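Peer 1: Dropping the structure in here first, questions after.
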Amino acid sequence: MGRFIEGRDRTQGILLPEQLDDYVTESNPVRVVDVFVDELNLDQMGFDGVNPAETGRPAYHPSVLLKIYIYGYLNRIQSSRRLEREAQRNVELMWLTGHLKPDFKTIASFRKDNGKAISRVCRQFVVICQQLGLFSEALVAVDGSKFKAVNNRDRNFTSAKLQRRMEEIESSIARYLIALDASDRQEPERKQATTVRLQEKIAALRVQMQALKEVEIKLEQAPDKQISLTDPDARSMKTRGTGVVGYNVQTAVDAKHHLIVAHDVTNVGIDRDQLSSMSERARAAMATESLTVIADRGYFKGEEILACHEAGIDVIVPKTVTSNATAEGRFDKAGACQIFCVNGVMK
């Protein structure tokens with residue numbers, strides 16, 4: 001393998017650092033996570049298991065599991081199974097947890113049972129950033145992201161989707177009934193097998209139809225005329241290219257240090273009604289009187305901009321494009337202005 005960078009022989013003996021601490025540099029973010037969690041009063045924040053039971057198998061301290069959760073957040077590792085694997089092979093996580101290796105069920109249960117306490121930790125982090133002067137410029141950017149729920153699209157219903165599904169089932173039943181009539185003209189042995197199979201399919205479709213009628217009753221009682229069977233709070237939302245059944249997570253981010261100062265989870269698929277509420281959340285978290293908020297054109301709504309103005313919050317939002325001129329191959333007003341603008345002077 002001449003003229004290539006060659007690796008080391010796997011059987012060659014080497015001298016590794018004697019301490020695990022030598023693998024983690026002084027500027028590594030996990031050191032910040034370690035100090036931050038150790039300084040928190042987890043009992044006051046409402047974490048379960050801070051005071052261990054006198055009987056039973058010893059449990060992991062909540063601080064260990066919280067460090068794993070924060071590490072996964074910083075490195076975009078959401079799955080508890082992946083966090084379990086990382087705790088077994090990742091040197092940074094080994095250092096952070098003291099070489100502890102909780103299984104994925106323990107990690108998932110911690111995240112499920114301590115949701116409110118984890119939210120308090122996020123607020124405490126924002127307070128520390130505020131004390132360090134990281135939000136001095138009072139400029140934030142607001143945007144929304146669609147997060148997929150565990151609810152499958154086939155188990156989410158609107159009036160149009162339910163009607164379409166029922167029509168498909170009725171069409172299938174009619175098709176099978178025609179096939180039953182055709183089977184009467186076949187030979188007796190083949191006729192019997194075909195008839196039994198078709199009757200079973202028709203019975204299954206009628207059961208589905210009955211279940212859809214029950215869903216229709218619940219759908220009429222829903223305030224927004226939409227229902228999700230697996231995750232009742234999830235809603236169908238439009239995304240680029242396709243739709244997703246999930247949630248709309250609103251986030252306000254500091255423009256200088258890119259730190260999340262406020263967030264909110266909603267099942268409203270559009271962003272137009274979220275500008276004023278997210279701006280208020282961001283200002284309260286940053287403890288500032290004046291605030292400038294930047295958002296994309298999806299947040300443009302007169303009522304929301306007026307509410308921000310009355311609250312003393314400056315917003316920068318581009319106006320929504322309502323003209324179809326560009327789609328039809330013509331110049332819109334913005335394009336026409338650029339054409340007639342010569343040397344910076346409007347002609």
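Scheme for the structure tokens: letters A, B, ... for chains in order shown; per-chain residue numbers from 1; ligand numbers from 1 in order shown.
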For stretch 100-193 of chain A against stretch 70-90 of chain A, with a cut-off of 9 Å and counting only C-alpha atoms, what is the closest atom pair and its distance in Å to one decimal for every residue that makes the cut, ordered by chain and number, as JSON lines?

Peer 2:
```
{"residue": "A:Leu100", "atom": "CA", "partner": "A:Ala87", "partner_atom": "CA", "distance": 7.3}
{"residue": "A:Lys101", "atom": "CA", "partner": "A:Ala87", "partner_atom": "CA", "distance": 5.5}
{"residue": "A:Pro102", "atom": "CA", "partner": "A:Glu84", "partner_atom": "CA", "distance": 6.5}
{"residue": "A:Asp103", "atom": "CA", "partner": "A:Glu84", "partner_atom": "CA", "distance": 5.5}
{"residue": "A:Phe104", "atom": "CA", "partner": "A:Ser80", "partner_atom": "CA", "distance": 4.9}
{"residue": "A:Lys105", "atom": "CA", "partner": "A:Ser80", "partner_atom": "CA", "distance": 7.4}
{"residue": "A:Thr106", "atom": "CA", "partner": "A:Ser80", "partner_atom": "CA", "distance": 8.6}
{"residue": "A:Ile107", "atom": "CA", "partner": "A:Ser80", "partner_atom": "CA", "distance": 5.9}
{"residue": "A:Ala108", "atom": "CA", "partner": "A:Ser80", "partner_atom": "CA", "distance": 5.7}
```

Peer 1: Please extract the residues of stretch 62-288 of chain A with a backbone DSSP assignment of alpha helix (DSSP H) and present them as a ChimeraX atom specification.

Peer 2: /A:62-74,80-89,91-97,104-113,115-131,159-183,188-221,275-286

Peer 1: A:Ile14, A:Ala53, A:Ala59, A:Val321: which is nearest A:Arg297, counting only C-alpha atoms?

Peer 2: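 Of A:Ile14, A:Ala53, A:Ala59, A:Val321, the one nearest A:Arg297 is A:Val321, counting only C-alpha atoms.
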
Peer 1: Could you pull the residues within 8 Å of A:Ile316, counting only C-alpha atoms, minus those fewer than 4 positions along the same chain, as JSON, numbers by chain?

Peer 2: {"A": [292, 293, 294, 295]}

Peer 1: Find the residues around A:Ile270 up to 12 Å (only C-alpha atoms counted), leave out those fewer than 3 positions away in its own chain, and share them as a list of chain:residue names.

Peer 2: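 Here the answer would be A:Asp143, A:Gly144, A:Ser145, A:Lys146, A:Arg235, A:Ser236, A:Met237, A:Lys238, A:Thr239, A:Tyr247, A:Asn248, A:Val249, A:Gln250, A:Thr266, A:Asn267, A:Asp273, A:Gln274, A:Leu275, A:Arg297, A:Gly298, A:Tyr299, A:Phe300, A:Lys301.
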
Peer 1: For C-alpha atoms, I'd like the residues from the last selection saved as a compact mmCIF listing (two decimals), in the first residue's frame.

Peer 2:
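Result went into out_5.txt, see below:
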```txt
# COMPACT_ATOMS: atom_id res chain seq x y z
CA ASP A 143 -39.51 30.12 13.46
CA GLY A 144 -41.58 26.95 13.60
CA SER A 145 -40.75 23.32 12.88
CA LYS A 146 -43.07 20.37 12.24
CA ARG A 235 -52.95 17.20 13.98
CA SER A 236 -52.39 16.94 10.24
CA MET A 237 -50.14 19.76 9.01
CA LYS A 238 -48.84 20.84 5.65
CA THR A 239 -45.12 20.64 5.01
CA TYR A 247 -46.93 19.18 16.22
CA ASN A 248 -45.76 22.68 15.38
CA VAL A 249 -42.83 23.57 17.65
CA GLN A 250 -42.25 27.32 17.91
CA THR A 266 -48.84 23.72 19.48
CA ASN A 267 -51.01 21.60 17.22
CA ASP A 273 -51.10 33.28 15.04
CA GLN A 274 -47.86 32.62 16.95
CA LEU A 275 -45.87 35.84 16.51
CA ARG A 297 -43.34 35.80 5.77
CA GLY A 298 -45.30 32.89 7.21
CA TYR A 299 -45.82 35.00 10.36
CA PHE A 300 -47.23 38.02 8.52
CA LYS A 301 -50.63 38.89 10.01
```

Peer 1: Select, from A:His258, A:Lys148, A:Lys116, A:Arg206, the residue with the minimum atom-to-atom distance to A:Glu168, counting only C-alpha atoms.

Peer 2: A:Arg206

Peer 1: Contacts of stretch 213-221 of chain A at 8 Å or less, counting only C-alpha atoms, minus same-chain residues fewer than 4 places along, as a PDB file with C-alpha atoms, in the first residue's frame?

Peer 2:
```pdb
ATOM      1  CA  PHE A 157     -59.161  11.780  10.065  1.00  0.00           C
ATOM      2  CA  THR A 158     -60.757  14.900   8.728  1.00  0.00           C
ATOM      3  CA  SER A 159     -64.251  15.072   7.239  1.00  0.00           C
ATOM      4  CA  LEU A 162     -63.203  10.047   6.315  1.00  0.00           C
ATOM      5  CA  MET A 209     -67.145   0.621   7.773  1.00  0.00           C
ATOM      6  CA  LYS A 225     -63.302  18.707  12.995  1.00  0.00           C
ATOM      7  CA  GLN A 226     -60.152  16.590  13.097  1.00  0.00           C
ATOM      8  CA  ILE A 227     -59.300  13.529  15.162  1.00  0.00           C
TER       9      ILE A 227
END
```

Peer 1: DSSP on the backbone: what in stretch 225-288 of chain A comes out strand (DSSP E), as JSON, numbers by chain?

Peer 2: {"A": [226, 227, 228, 235, 236, 237, 238, 243, 244, 245, 246, 247, 248, 249, 250, 251, 252, 253, 254, 260, 261, 262, 263, 264, 265, 266]}

Peer 1: Could you write out the selected residues, including C-alpha atoms, as a PDB file, in the first residue's frame?

Peer 2:
```pdb
ATOM      1  CA  GLN A 226     -60.152  16.590  13.097  1.00  0.00           C
ATOM      2  CA  ILE A 227     -59.300  13.529  15.162  1.00  0.00           C
ATOM      3  CA  SER A 228     -56.208  11.390  15.732  1.00  0.00           C
ATOM      4  CA  ARG A 235     -52.950  17.197  13.976  1.00  0.00           C
ATOM      5  CA  SER A 236     -52.388  16.942  10.239  1.00  0.00           C
ATOM      6  CA  MET A 237     -50.141  19.763   9.012  1.00  0.00           C
ATOM      7  CA  LYS A 238     -48.838  20.845   5.654  1.00  0.00           C
ATOM      8  CA  GLY A 243     -48.231  16.443   4.961  1.00  0.00           C
ATOM      9  CA  VAL A 244     -47.327  15.201   8.405  1.00  0.00           C
ATOM     10  CA  VAL A 245     -49.351  14.297  11.479  1.00  0.00           C
ATOM     11  CA  GLY A 246     -47.573  15.927  14.384  1.00  0.00           C
ATOM     12  CA  TYR A 247     -46.933  19.175  16.215  1.00  0.00           C
ATOM     13  CA  ASN A 248     -45.761  22.680  15.380  1.00  0.00           C
ATOM     14  CA  VAL A 249     -42.833  23.572  17.654  1.00  0.00           C
ATOM     15  CA  GLN A 250     -42.247  27.318  17.914  1.00  0.00           C
ATOM     16  CA  THR A 251     -38.735  28.481  18.833  1.00  0.00           C
ATOM     17  CA  ALA A 252     -37.239  31.889  19.597  1.00  0.00           C
ATOM     18  CA  VAL A 253     -33.446  31.968  19.155  1.00  0.00           C
ATOM     19  CA  ASP A 254     -30.973  34.645  20.209  1.00  0.00           C
ATOM     20  CA  ILE A 260     -32.924  29.061  22.413  1.00  0.00           C
ATOM     21  CA  VAL A 261     -34.582  31.555  24.741  1.00  0.00           C
ATOM     22  CA  ALA A 262     -38.199  30.384  24.463  1.00  0.00           C
ATOM     23  CA  HIS A 263     -40.170  27.549  22.900  1.00  0.00           C
ATOM     24  CA  ASP A 264     -43.744  26.363  22.680  1.00  0.00           C
ATOM     25  CA  VAL A 265     -45.523  23.312  21.262  1.00  0.00           C
ATOM     26  CA  THR A 266     -48.839  23.724  19.477  1.00  0.00           C
TER      27      THR A 266
END
```

Peer 1: Which residues are near A:Val30? Cut-off 9 Å, only C-alpha atoms, ignore same chain within fewer than 2 positions. Put them as a PDB file with C-alpha atoms, in the first residue's frame.

Peer 2:
```pdb
ATOM      1  CA  VAL A  24     -11.763  15.258  27.394  1.00  0.00           C
ATOM      2  CA  SER A  27     -12.854  23.360  26.294  1.00  0.00           C
ATOM      3  CA  ASN A  28     -15.140  20.379  25.695  1.00  0.00           C
ATOM      4  CA  VAL A  32     -20.088  22.735  31.042  1.00  0.00           C
ATOM      5  CA  VAL A  33     -22.915  20.201  31.150  1.00  0.00           C
ATOM      6  CA  ASP A  34     -21.286  18.456  34.108  1.00  0.00           C
ATOM      7  CA  VAL A  35     -20.876  21.650  36.159  1.00  0.00           C
ATOM      8  CA  LYS A  67     -26.596  14.670  31.808  1.00  0.00           C
ATOM      9  CA  TYR A  71     -25.791  15.399  25.877  1.00  0.00           C
ATOM     10  CA  GLU A  92     -17.317  11.887  26.228  1.00  0.00           C
ATOM     11  CA  LEU A  93     -20.433  10.235  27.610  1.00  0.00           C
ATOM     12  CA  TRP A  95     -16.575  10.734  31.219  1.00  0.00           C
ATOM     13  CA  LEU A  96     -19.854  12.561  31.818  1.00  0.00           C
TER      14      LEU A  96
END
```
